[in-house]
Amino acid sequence: MRFPLASNVIPTFLLFETLAFLFQFSSISKAEDPSICSCYDSANYTSGSQFETNLHHIFSTLSKNTPLTRFNTTVSGEDPNRVYGLVQCRGDSTQEECRNCMNTSTIELVRRCPLRKEGVIRYWGCVLRYADWNFFGQIDDRVGRAYFVPVDNVTDVALFNERVGGLMDNLSIAAAVSPSKFATGRTRFLNDFKFIYGMLQCTSDLSDNTCYSCLRDIIADIPYCCNWRSGGNVYSVSCFLRYDYYLFFNLLSPPPPSPTQASPLPPSPPMPDDGTTRTNTTRGKGDGKLTLIITGSLVIPVVSVTILVIAVRVWWLRRSLRKENETEKTEDADSLLFDLRTLKVATGGFSDSNKLGQGGFGTVYKGKLLDGREIAVKRLSRSSPQSLEEIRTEILVVAKLQHRNLVRLLGFCLDEQEKLLVYEYFPNLSLDNYLFHRVKRLMLDWERRHKIIEGIARGLLYLHQDSQLRIIHRDLKASNVLLDEEMNPKIADFGLARPFHGDKTQDHTKQIAGTYGYMPPEYAVHGRFSTKSDVYSFGVLVLEIVTGRKNSTFCDSNSSTNLSSFVWKHWANGTATDLLDRTVRQPCPRHEVLRCIHIGLLCVQEKPTDRPTMSTVVLMLTSHSISLSVPSRPAFFLWSTTEPDKLPRNSDADDLGRSNSYASEPGLSTTNSQPQHSNNDVTFSELQPR
């Protein structure tokens with residue numbers, strides 16, 4: 001009897017998983033050839049010399065102390081016979097694997113670089129390096145890179161490359177800021193059952209900024225080395241990456257998808273080589289002493305009984321998956337359906353007493369279901385220009401957005417000319433209810449403000465790079481950010497959101513919709529929008545959160561037309577610390593305040609190409625070792641002959657904002673005694689510009 005295998009990747013992966021489980025105790029190893037080995041054309045030392053003694057001491061120390069920490073550096077001896085040594089094992093390796101790789105590397109490096117004062121060798125599991133000079137903390141670009149790719153090609157190349165690019169971008173940030181300089185993760189490829197898995201690592205002696213630079217360099221090689229292929233490996237001395245469509249670093253029970261970008265996965269034992277013949281190329285500056293590997297076939301003796309067991313298991317799992325897939329199409333929509341009567345009862349017949357906010361698209365009501373869950377119901381106006389099909393498409397797209405910094409769509413109802421969207425309800429309502437309120441703003445200490453800024457940035461990063469359908473929000477503002485019970489931010493209102501595919505990250509519209517003050521010039525004037533439009537809105541929002549001033553109703557005696565111009569003048573004059581909302585009374589890290597202002601100014605620059613991506617913004621917010629570029633004058637700046645277009649090149653955030661007085665400005669966003677704020681207009685967007 002024949003059991004047909006499924007056409008998708010899951011049964012194939014399950015077959016491989018089963019084989020790996022059955023033979024996990026077998027001694028399966030690949031060819032013991034390193035991916036990189038070089039002696040750097042270094043000078044020779046004399047046999048029996050003090051240098052050789054120090055080198056052996058280095059190897060002994062590294063071998064003894066490394067397996068537990070998977071990374072170690074050491075120095076032995078005095079000049080001119082001093083030796084520096086470094087070893088880094090892969091972040092998911094076991095102590096035994098690390099020790100074995102270290103011992104093999106030591107033997108091979110001595111054999112391949114006899115009596116040489118400098119050498120490096122890199123295997124899949126570790127890298128070992130020594131020299132007669134202090135190379136710690138520096139990227140080694142003297143040796144060419146090694147590339148390994150499987151023979152299999154992908155069918156949808158554009159989508160695959162897009163997913164790989166997003167995964168690598170996010171993992172490069174995670175690895176750079178990690179103490180171990182190691183990150184693994186996955187991203188969806190075609191559906192909930194097909195993923196692309198990735199791994200990146202730097203040597204742990206590198207700083208966050210240097211590691212990030214090394215990873216970005218090898219990521220840039222992916223189109224050169226690995227296009228069309230279903231996986232790729234790029235190795236340099238200081239960092240490496242690998243990605244593939246199967247889980248190569250975790251044999252059993254992969255964890256469920258993480259709501260965060262790039263879904264970090266816990267360390268686990270490495271997967272044995274898959275036996276696929278791999279082709280190799282080299283590029284970069286090198287001395288020609290680069291050894292490349294071609295893995296051989298993996299021969300696994302499987303008895304007939306084992307084959308039968310595997311076949312039965314695969315057939316059963318395939319049958320289960322087929323049943324799930326048959327219902328998946330209807331569950332996507334039907335599981336989100338709400339009965340109109342249920343929502344009428346939950347909202348008290350859409351009573352005015354339950355109204356949370358009102359806008360151009362409709363009205364938002366608070367509701368309570370029979371099971372006790374509190375919900376927010378957006379009742380779209382009958383004059384809304386969206387057709388039922390457009391609304392249904394939007395629902396199915398937004399329903400798949402799963403991130404801790406995005407509001408979750410619970411369902412919808414399209415019945416009796418009613419168009420209702422059901423969202424999570426948050427009792428703290430929206431950010432503007434706190435940020436621009438005379439009393440509630442006192443609850444936003446600096447720690448919470450910084451946490452909100454970082455959360456919004458991560459939510460946008462997910463929309464731009466990691467969601468199943470990448471999204472441009474187009475209406476990010478304080479009233480469209482909800483706060484949960486712990487004051488965590490949740491981006492909401494996707495009424496103006498636009499999906500984009502592949503490399504198409506810019507679009508054009510004749511109907512300008514959104515909120516003036518948060519729109520970049522290329523959108524407000526020409527209707528061009530892109531991911532950099534959201535970056536601009538984020539920059540305005542960051543400046544609002546730091547200063548406590550509302551951009552849309554900004555008024556200042558110095559004739560600044562908007563908040564960004566006001567902040568720029570203080571920044572250029574060296575009084576940036578005066579900008580912090582004076583209600584933030586407790587001591588707070590001055591460098592964090594200045595860094596957030598700096599990031600905000602970078603995001604509101606006039607040219608979209610000058611603004612950072614959200615992946616860069618997250619990195620700048622989470623790692624203070626990342627240097628920031630000098631911002632140029634913001635868009636919509638009030639012209640003045642005394643104002644510079646750009647700050648001096650030697651400007652530094654720590655040198656700007658010299659005053660520590662937080663009381664020089666009122667810290668309020670309007671001239672009224674009570675600043676205006678919305679009740680909860682987070683879940684709708686204006687059709688016409690305001």
# chains A, B, ... in the order shown; residues from 1 in each chain; ligands from 1

$ residues_around --residues "A:Glu374" --least-positions-apart "3" --cutoff "6 Å" --atoms "only C-alpha atoms" --output "list in words"
Gly367, Lys368 and Tyr425 of chain A

$ closest_residue --among "A:Arg142, A:Lys400, A:His598, A:Arg408" --to "A:Thr577" --atoms "only C-alpha atoms"
A:His598

$ atom_distance --atom1 "atom CA of A:Val481" --atom2 "atom CA of A:Leu431"
5.6 Å

$ closest_residue --among "A:Phe361, A:Tyr147, A:Tyr245, A:Tyr516" --to "A:Asp221" --atoms "only C-alpha atoms"
A:Tyr147

$ residues_around --residues "A:Ala635" --least-positions-apart "3" --cutoff "12 Å" --atoms "only C-alpha atoms" --output "PyMOL selection string"
chain A and resi 517-525+536-537+539-540+561-565+568+601-608+610-611+631-632+638-639+645

$ select_by_dssp --residues "stretch 379-465 of chain A" --states "alpha helix (DSSP H)" --output "PyMOL selection string"
chain A and resi 388-398+432-435+446-461

$ write_last_selection --atoms "N, CA and C atoms" --output "PDB file, in the first residue's frame"
ATOM      1  N   LEU A 388     -18.713  46.507   1.022  1.00  0.00           N
ATOM      2  CA  LEU A 388     -18.705  45.331   1.892  1.00  0.00           C
ATOM      3  C   LEU A 388     -17.517  44.427   1.579  1.00  0.00           C
ATOM      4  N   GLU A 389     -17.179  44.277   0.295  1.00  0.00           N
ATOM      5  CA  GLU A 389     -16.062  43.422  -0.073  1.00  0.00           C
ATOM      6  C   GLU A 389     -14.744  44.003   0.421  1.00  0.00           C
ATOM      7  N   GLU A 390     -14.596  45.329   0.333  1.00  0.00           N
ATOM      8  CA  GLU A 390     -13.389  45.986   0.825  1.00  0.00           C
ATOM      9  C   GLU A 390     -13.266  45.817   2.334  1.00  0.00           C
ATOM     10  N   ILE A 391     -14.404  45.949   3.028  1.00  0.00           N
ATOM     11  CA  ILE A 391     -14.384  45.788   4.480  1.00  0.00           C
ATOM     12  C   ILE A 391     -14.036  44.347   4.837  1.00  0.00           C
ATOM     13  N   ARG A 392     -14.605  43.398   4.111  1.00  0.00           N
ATOM     14  CA  ARG A 392     -14.324  41.989   4.398  1.00  0.00           C
ATOM     15  C   ARG A 392     -12.843  41.683   4.166  1.00  0.00           C
ATOM     16  N   THR A 393     -12.277  42.218   3.082  1.00  0.00           N
ATOM     17  CA  THR A 393     -10.850  42.019   2.812  1.00  0.00           C
ATOM     18  C   THR A 393     -10.007  42.621   3.926  1.00  0.00           C
ATOM     19  N   GLU A 394     -10.369  43.834   4.341  1.00  0.00           N
ATOM     20  CA  GLU A 394      -9.627  44.485   5.424  1.00  0.00           C
ATOM     21  C   GLU A 394      -9.705  43.667   6.704  1.00  0.00           C
ATOM     22  N   ILE A 395     -10.884  43.102   6.964  1.00  0.00           N
ATOM     23  CA  ILE A 395     -11.073  42.311   8.184  1.00  0.00           C
ATOM     24  C   ILE A 395     -10.144  41.099   8.185  1.00  0.00           C
ATOM     25  N   LEU A 396     -10.096  40.381   7.060  1.00  0.00           N
ATOM     26  CA  LEU A 396      -9.279  39.182   6.994  1.00  0.00           C
ATOM     27  C   LEU A 396      -7.794  39.498   7.075  1.00  0.00           C
ATOM     28  N   VAL A 397      -7.409  40.675   6.597  1.00  0.00           N
ATOM     29  CA  VAL A 397      -6.009  41.089   6.700  1.00  0.00           C
ATOM     30  C   VAL A 397      -5.673  41.459   8.140  1.00  0.00           C
ATOM     31  N   VAL A 398      -6.481  42.348   8.731  1.00  0.00           N
ATOM     32  CA  VAL A 398      -6.204  42.834  10.083  1.00  0.00           C
ATOM     33  C   VAL A 398      -6.317  41.708  11.107  1.00  0.00           C
ATOM     34  N   ASP A 432      -3.569  59.830  24.087  1.00  0.00           N
ATOM     35  CA  ASP A 432      -3.801  61.274  24.201  1.00  0.00           C
ATOM     36  C   ASP A 432      -4.621  61.634  25.427  1.00  0.00           C
ATOM     37  N   ASN A 433      -5.401  60.675  25.955  1.00  0.00           N
ATOM     38  CA  ASN A 433      -6.161  60.935  27.177  1.00  0.00           C
ATOM     39  C   ASN A 433      -5.262  61.155  28.386  1.00  0.00           C
ATOM     40  N   TYR A 434      -4.042  60.664  28.315  1.00  0.00           N
ATOM     41  CA  TYR A 434      -3.080  60.852  29.402  1.00  0.00           C
ATOM     42  C   TYR A 434      -2.065  61.935  29.057  1.00  0.00           C
ATOM     43  N   LEU A 435      -1.554  61.881  27.850  1.00  0.00           N
ATOM     44  CA  LEU A 435      -0.444  62.745  27.470  1.00  0.00           C
ATOM     45  C   LEU A 435      -0.817  64.222  27.499  1.00  0.00           C
ATOM     46  N   TRP A 446       8.931  59.025  33.229  1.00  0.00           N
ATOM     47  CA  TRP A 446       9.803  58.827  32.076  1.00  0.00           C
ATOM     48  C   TRP A 446       9.920  57.360  31.681  1.00  0.00           C
ATOM     49  N   GLU A 447       9.975  56.476  32.662  1.00  0.00           N
ATOM     50  CA  GLU A 447      10.095  55.055  32.354  1.00  0.00           C
ATOM     51  C   GLU A 447       8.922  54.584  31.511  1.00  0.00           C
ATOM     52  N   ARG A 448       7.708  55.038  31.857  1.00  0.00           N
ATOM     53  CA  ARG A 448       6.539  54.642  31.078  1.00  0.00           C
ATOM     54  C   ARG A 448       6.551  55.276  29.697  1.00  0.00           C
ATOM     55  N   ARG A 449       6.981  56.516  29.611  1.00  0.00           N
ATOM     56  CA  ARG A 449       7.025  57.185  28.308  1.00  0.00           C
ATOM     57  C   ARG A 449       8.006  56.466  27.377  1.00  0.00           C
ATOM     58  N   HIS A 450       9.155  56.116  27.907  1.00  0.00           N
ATOM     59  CA  HIS A 450      10.139  55.419  27.079  1.00  0.00           C
ATOM     60  C   HIS A 450       9.619  54.044  26.671  1.00  0.00           C
ATOM     61  N   LYS A 451       8.926  53.375  27.574  1.00  0.00           N
ATOM     62  CA  LYS A 451       8.352  52.065  27.269  1.00  0.00           C
ATOM     63  C   LYS A 451       7.299  52.180  26.174  1.00  0.00           C
ATOM     64  N   ILE A 452       6.511  53.243  26.207  1.00  0.00           N
ATOM     65  CA  ILE A 452       5.483  53.462  25.191  1.00  0.00           C
ATOM     66  C   ILE A 452       6.133  53.730  23.837  1.00  0.00           C
ATOM     67  N   ILE A 453       7.163  54.570  23.822  1.00  0.00           N
ATOM     68  CA  ILE A 453       7.867  54.866  22.567  1.00  0.00           C
ATOM     69  C   ILE A 453       8.425  53.588  21.950  1.00  0.00           C
ATOM     70  N   GLU A 454       9.073  52.775  22.765  1.00  0.00           N
ATOM     71  CA  GLU A 454       9.676  51.540  22.258  1.00  0.00           C
ATOM     72  C   GLU A 454       8.609  50.567  21.772  1.00  0.00           C
ATOM     73  N   GLY A 455       7.491  50.475  22.496  1.00  0.00           N
ATOM     74  CA  GLY A 455       6.412  49.567  22.087  1.00  0.00           C
ATOM     75  C   GLY A 455       5.791  49.967  20.765  1.00  0.00           C
ATOM     76  N   ILE A 456       5.568  51.261  20.571  1.00  0.00           N
ATOM     77  CA  ILE A 456       5.016  51.734  19.294  1.00  0.00           C
ATOM     78  C   ILE A 456       5.988  51.414  18.165  1.00  0.00           C
ATOM     79  N   ALA A 457       7.275  51.619  18.416  1.00  0.00           N
ATOM     80  CA  ALA A 457       8.285  51.327  17.387  1.00  0.00           C
ATOM     81  C   ALA A 457       8.261  49.853  17.007  1.00  0.00           C
ATOM     82  N   ARG A 458       8.145  48.972  17.976  1.00  0.00           N
ATOM     83  CA  ARG A 458       8.127  47.537  17.682  1.00  0.00           C
ATOM     84  C   ARG A 458       6.857  47.158  16.922  1.00  0.00           C
ATOM     85  N   GLY A 459       5.738  47.782  17.259  1.00  0.00           N
ATOM     86  CA  GLY A 459       4.507  47.516  16.527  1.00  0.00           C
ATOM     87  C   GLY A 459       4.616  47.918  15.068  1.00  0.00           C
ATOM     88  N   LEU A 460       5.200  49.085  14.804  1.00  0.00           N
ATOM     89  CA  LEU A 460       5.391  49.538  13.425  1.00  0.00           C
ATOM     90  C   LEU A 460       6.370  48.638  12.676  1.00  0.00           C
ATOM     91  N   LEU A 461       7.420  48.209  13.368  1.00  0.00           N
ATOM     92  CA  LEU A 461       8.387  47.310  12.734  1.00  0.00           C
ATOM     93  C   LEU A 461       7.698  46.026  12.286  1.00  0.00           C
TER      94      LEU A 461
END

$ select_by_dssp --residues "stretch 391-612 of chain A" --states "strand (DSSP E)" --output "JSON, numbers by chain"
{"A": [409, 410, 411, 412, 413, 414, 415, 418, 419, 420, 421, 422, 423, 424, 471, 472, 481, 482, 483, 489, 490, 491, 498, 499, 506, 507, 508, 528, 529, 530]}

$ atom_distance --atom1 "atom CA of A:Thr69" --atom2 "atom CA of A:Arg129"
16.8 Å

$ closest_residue --among "A:Gly91, A:Tyr243, A:Arg163, A:Phe148" --to "A:Ser180" --atoms "only C-alpha atoms"
A:Gly91

$ closest_residue --among "A:Thr547, A:Ser467, A:Ser207, A:Ser533" --to "A:Ser623" --atoms "only C-alpha atoms"
A:Ser207

$ residues_around --residues "A:His56" --least-positions-apart "4" --cutoff "12 Å" --atoms "only C-alpha atoms" --output "list in words"
Ser47, Gly48, Ser49, Gln50, Phe51, Glu52, Ser60, Thr61, Leu62, Ser63, Thr74, Val75, Ser76, Gly77, Arg82, Val83, Tyr84, Gly85, Thr106, Ile107, Leu109, Val110, Leu115 and Tyr130 of chain A

$ atom_distance --atom1 "atom CA of A:Tyr224" --atom2 "atom CA of A:Val151"
15.6 Å

$ residues_around --residues "A:Gln201" --least-positions-apart "5" --cutoff "9 Å" --atoms "only C-alpha atoms" --output "PyMOL selection string"
chain A and resi 90-91+172+175-176+180-184+211+215+238-241

$ write_last_selection --atoms "N, CA, C and O atoms" --output "compact mmCIF listing (two decimals), in the first residue's frame"
# COMPACT_ATOMS: atom_id res chain seq x y z
N ARG A 90 28.78 28.10 18.59
CA ARG A 90 27.44 28.49 18.19
C ARG A 90 26.53 28.56 19.40
O ARG A 90 26.62 27.74 20.31
N GLY A 91 25.63 29.51 19.41
CA GLY A 91 24.84 29.79 20.61
C GLY A 91 23.94 28.67 21.06
O GLY A 91 23.55 28.63 22.23
N SER A 172 19.18 40.45 12.97
CA SER A 172 20.44 41.18 13.10
C SER A 172 20.37 42.16 14.26
O SER A 172 21.35 42.36 14.98
N ALA A 175 20.42 39.94 17.51
CA ALA A 175 21.76 39.42 17.77
C ALA A 175 22.70 40.53 18.25
O ALA A 175 23.49 40.33 19.17
N ALA A 176 22.60 41.70 17.63
CA ALA A 176 23.52 42.79 17.97
C ALA A 176 23.37 43.25 19.41
O ALA A 176 24.35 43.58 20.07
N SER A 180 25.05 37.46 24.07
CA SER A 180 25.71 36.35 23.39
C SER A 180 25.94 36.63 21.91
O SER A 180 26.58 35.83 21.23
N LYS A 181 25.41 37.75 21.41
CA LYS A 181 25.51 38.11 19.98
C LYS A 181 24.98 36.98 19.10
O LYS A 181 25.50 36.71 18.02
N PHE A 182 23.90 36.35 19.55
CA PHE A 182 23.33 35.19 18.87
C PHE A 182 21.81 35.32 18.86
O PHE A 182 21.21 35.74 19.85
N ALA A 183 21.21 34.99 17.72
CA ALA A 183 19.75 35.05 17.63
C ALA A 183 19.26 34.03 16.62
O ALA A 183 19.89 33.78 15.59
N THR A 184 18.13 33.41 16.95
CA THR A 184 17.45 32.52 16.02
C THR A 184 16.00 32.93 15.94
O THR A 184 15.47 33.56 16.86
N CYS A 211 28.92 44.62 15.82
CA CYS A 211 28.24 43.37 15.45
C CYS A 211 27.17 43.64 14.41
O CYS A 211 27.06 42.92 13.40
N LEU A 215 26.96 42.02 10.61
CA LEU A 215 25.81 41.25 10.14
C LEU A 215 25.19 41.91 8.91
O LEU A 215 24.77 41.23 7.97
N SER A 238 34.23 37.04 11.63
CA SER A 238 33.64 37.69 12.79
C SER A 238 32.15 37.42 12.96
O SER A 238 31.61 37.69 14.04
N CYS A 239 31.46 36.95 11.93
CA CYS A 239 30.02 36.70 12.07
C CYS A 239 29.57 35.73 10.98
O CYS A 239 30.29 35.50 10.00
N PHE A 240 28.39 35.18 11.15
CA PHE A 240 27.84 34.28 10.15
C PHE A 240 26.32 34.32 10.20
O PHE A 240 25.71 34.80 11.17
N LEU A 241 25.69 33.83 9.14
CA LEU A 241 24.24 33.69 9.10
C LEU A 241 23.89 32.41 8.37
O LEU A 241 24.65 31.89 7.55

$ closest_atom_pairs --of "stretch 439-546 of chain A" --to "stretch 582-595 of chain A" --cutoff "8 Å" --atoms "only C-alpha atoms" --output "JSON lines"
{"residue": "A:Arg441", "atom": "CA", "partner": "A:Thr583", "partner_atom": "CA", "distance": 7.3}
{"residue": "A:Leu442", "atom": "CA", "partner": "A:Thr583", "partner_atom": "CA", "distance": 6.0}
{"residue": "A:Leu444", "atom": "CA", "partner": "A:Val584", "partner_atom": "CA", "distance": 7.4}
{"residue": "A:Asp445", "atom": "CA", "partner": "A:Val584", "partner_atom": "CA", "distance": 5.5}
{"residue": "A:Trp446", "atom": "CA", "partner": "A:Cys588", "partner_atom": "CA", "distance": 6.4}
{"residue": "A:Glu447", "atom": "CA", "partner": "A:Cys588", "partner_atom": "CA", "distance": 7.9}
{"residue": "A:Val546", "atom": "CA", "partner": "A:Val593", "partner_atom": "CA", "distance": 7.3}

$ write_last_selection --atoms "all heavy atoms" --output "PDB file, in the first residue's frame"
ATOM      1  N   ARG A 441      -1.592  63.131  32.997  1.00  0.00           N
ATOM      2  CA  ARG A 441      -0.223  63.112  32.483  1.00  0.00           C
ATOM      3  C   ARG A 441       0.800  62.837  33.575  1.00  0.00           C
ATOM      4  O   ARG A 441       1.919  62.399  33.303  1.00  0.00           O
ATOM      5  CB  ARG A 441       0.081  64.435  31.788  1.00  0.00           C
ATOM      6  CG  ARG A 441       0.130  65.616  32.744  1.00  0.00           C
ATOM      7  CD  ARG A 441       0.066  66.945  32.019  1.00  0.00           C
ATOM      8  NE  ARG A 441       1.105  67.082  31.007  1.00  0.00           N
ATOM      9  CZ  ARG A 441       1.016  67.913  29.984  1.00  0.00           C
ATOM     10  NH1 ARG A 441      -0.063  68.649  29.821  1.00  0.00           N
ATOM     11  NH2 ARG A 441       2.002  68.012  29.120  1.00  0.00           N
ATOM     12  N   LEU A 442       0.408  63.087  34.826  1.00  0.00           N
ATOM     13  CA  LEU A 442       1.311  62.828  35.941  1.00  0.00           C
ATOM     14  C   LEU A 442       1.626  61.340  36.069  1.00  0.00           C
ATOM     15  O   LEU A 442       2.637  60.957  36.665  1.00  0.00           O
ATOM     16  CB  LEU A 442       0.711  63.353  37.240  1.00  0.00           C
ATOM     17  CG  LEU A 442       0.501  64.874  37.328  1.00  0.00           C
ATOM     18  CD1 LEU A 442      -0.245  65.243  38.596  1.00  0.00           C
ATOM     19  CD2 LEU A 442       1.842  65.599  37.271  1.00  0.00           C
ATOM     20  N   LEU A 444       2.378  59.454  33.647  1.00  0.00           N
ATOM     21  CA  LEU A 444       3.368  59.091  32.629  1.00  0.00           C
ATOM     22  C   LEU A 444       4.747  59.555  33.069  1.00  0.00           C
ATOM     23  O   LEU A 444       5.244  60.604  32.637  1.00  0.00           O
ATOM     24  CB  LEU A 444       2.984  59.713  31.277  1.00  0.00           C
ATOM     25  CG  LEU A 444       1.659  59.256  30.663  1.00  0.00           C
ATOM     26  CD1 LEU A 444       1.396  59.993  29.352  1.00  0.00           C
ATOM     27  CD2 LEU A 444       1.657  57.756  30.429  1.00  0.00           C
ATOM     28  N   ASP A 445       5.376  58.762  33.938  1.00  0.00           N
ATOM     29  CA  ASP A 445       6.751  59.074  34.294  1.00  0.00           C
ATOM     30  C   ASP A 445       7.651  58.731  33.109  1.00  0.00           C
ATOM     31  O   ASP A 445       7.202  58.224  32.081  1.00  0.00           O
ATOM     32  CB  ASP A 445       7.184  58.324  35.555  1.00  0.00           C
ATOM     33  CG  ASP A 445       7.010  56.807  35.436  1.00  0.00           C
ATOM     34  OD1 ASP A 445       6.992  56.295  34.296  1.00  0.00           O
ATOM     35  OD2 ASP A 445       6.884  56.134  36.462  1.00  0.00           O
ATOM     36  N   TRP A 446       8.931  59.025  33.229  1.00  0.00           N
ATOM     37  CA  TRP A 446       9.803  58.827  32.076  1.00  0.00           C
ATOM     38  C   TRP A 446       9.920  57.360  31.681  1.00  0.00           C
ATOM     39  O   TRP A 446       9.958  57.023  30.501  1.00  0.00           O
ATOM     40  CB  TRP A 446      11.199  59.402  32.335  1.00  0.00           C
ATOM     41  CG  TRP A 446      12.118  59.093  31.191  1.00  0.00           C
ATOM     42  CD1 TRP A 446      13.170  58.241  31.162  1.00  0.00           C
ATOM     43  CD2 TRP A 446      11.995  59.610  29.853  1.00  0.00           C
ATOM     44  NE1 TRP A 446      13.723  58.190  29.903  1.00  0.00           N
ATOM     45  CE2 TRP A 446      13.025  59.024  29.085  1.00  0.00           C
ATOM     46  CE3 TRP A 446      11.121  60.516  29.243  1.00  0.00           C
ATOM     47  CZ2 TRP A 446      13.199  59.318  27.736  1.00  0.00           C
ATOM     48  CZ3 TRP A 446      11.304  60.801  27.896  1.00  0.00           C
ATOM     49  CH2 TRP A 446      12.337  60.203  27.167  1.00  0.00           C
ATOM     50  N   GLU A 447       9.975  56.476  32.662  1.00  0.00           N
ATOM     51  CA  GLU A 447      10.095  55.055  32.354  1.00  0.00           C
ATOM     52  C   GLU A 447       8.922  54.584  31.511  1.00  0.00           C
ATOM     53  O   GLU A 447       9.084  53.837  30.537  1.00  0.00           O
ATOM     54  CB  GLU A 447      10.176  54.236  33.645  1.00  0.00           C
ATOM     55  CG  GLU A 447      10.376  52.752  33.412  1.00  0.00           C
ATOM     56  CD  GLU A 447      10.490  51.962  34.707  1.00  0.00           C
ATOM     57  OE1 GLU A 447      10.495  52.597  35.787  1.00  0.00           O
ATOM     58  OE2 GLU A 447      10.574  50.731  34.634  1.00  0.00           O
ATOM     59  N   VAL A 546       7.716  63.049  24.545  1.00  0.00           N
ATOM     60  CA  VAL A 546       8.807  63.616  25.336  1.00  0.00           C
ATOM     61  C   VAL A 546       8.432  64.979  25.898  1.00  0.00           C
ATOM     62  O   VAL A 546       8.662  65.265  27.080  1.00  0.00           O
ATOM     63  CB  VAL A 546      10.094  63.731  24.492  1.00  0.00           C
ATOM     64  CG1 VAL A 546      11.179  64.471  25.276  1.00  0.00           C
ATOM     65  CG2 VAL A 546      10.595  62.349  24.090  1.00  0.00           C
TER      66      VAL A 546
END

$ closest_residue --among "A:Gly232, A:Gly527, A:Pro80, A:Gly362" --to "A:Phe248" --atoms "only C-alpha atoms"
A:Gly232

$ closest_residue --among "A:Cys413, A:Ala376, A:Cys202, A:Leu541" --to "A:Gly357" --atoms "only C-alpha atoms"
A:Ala376
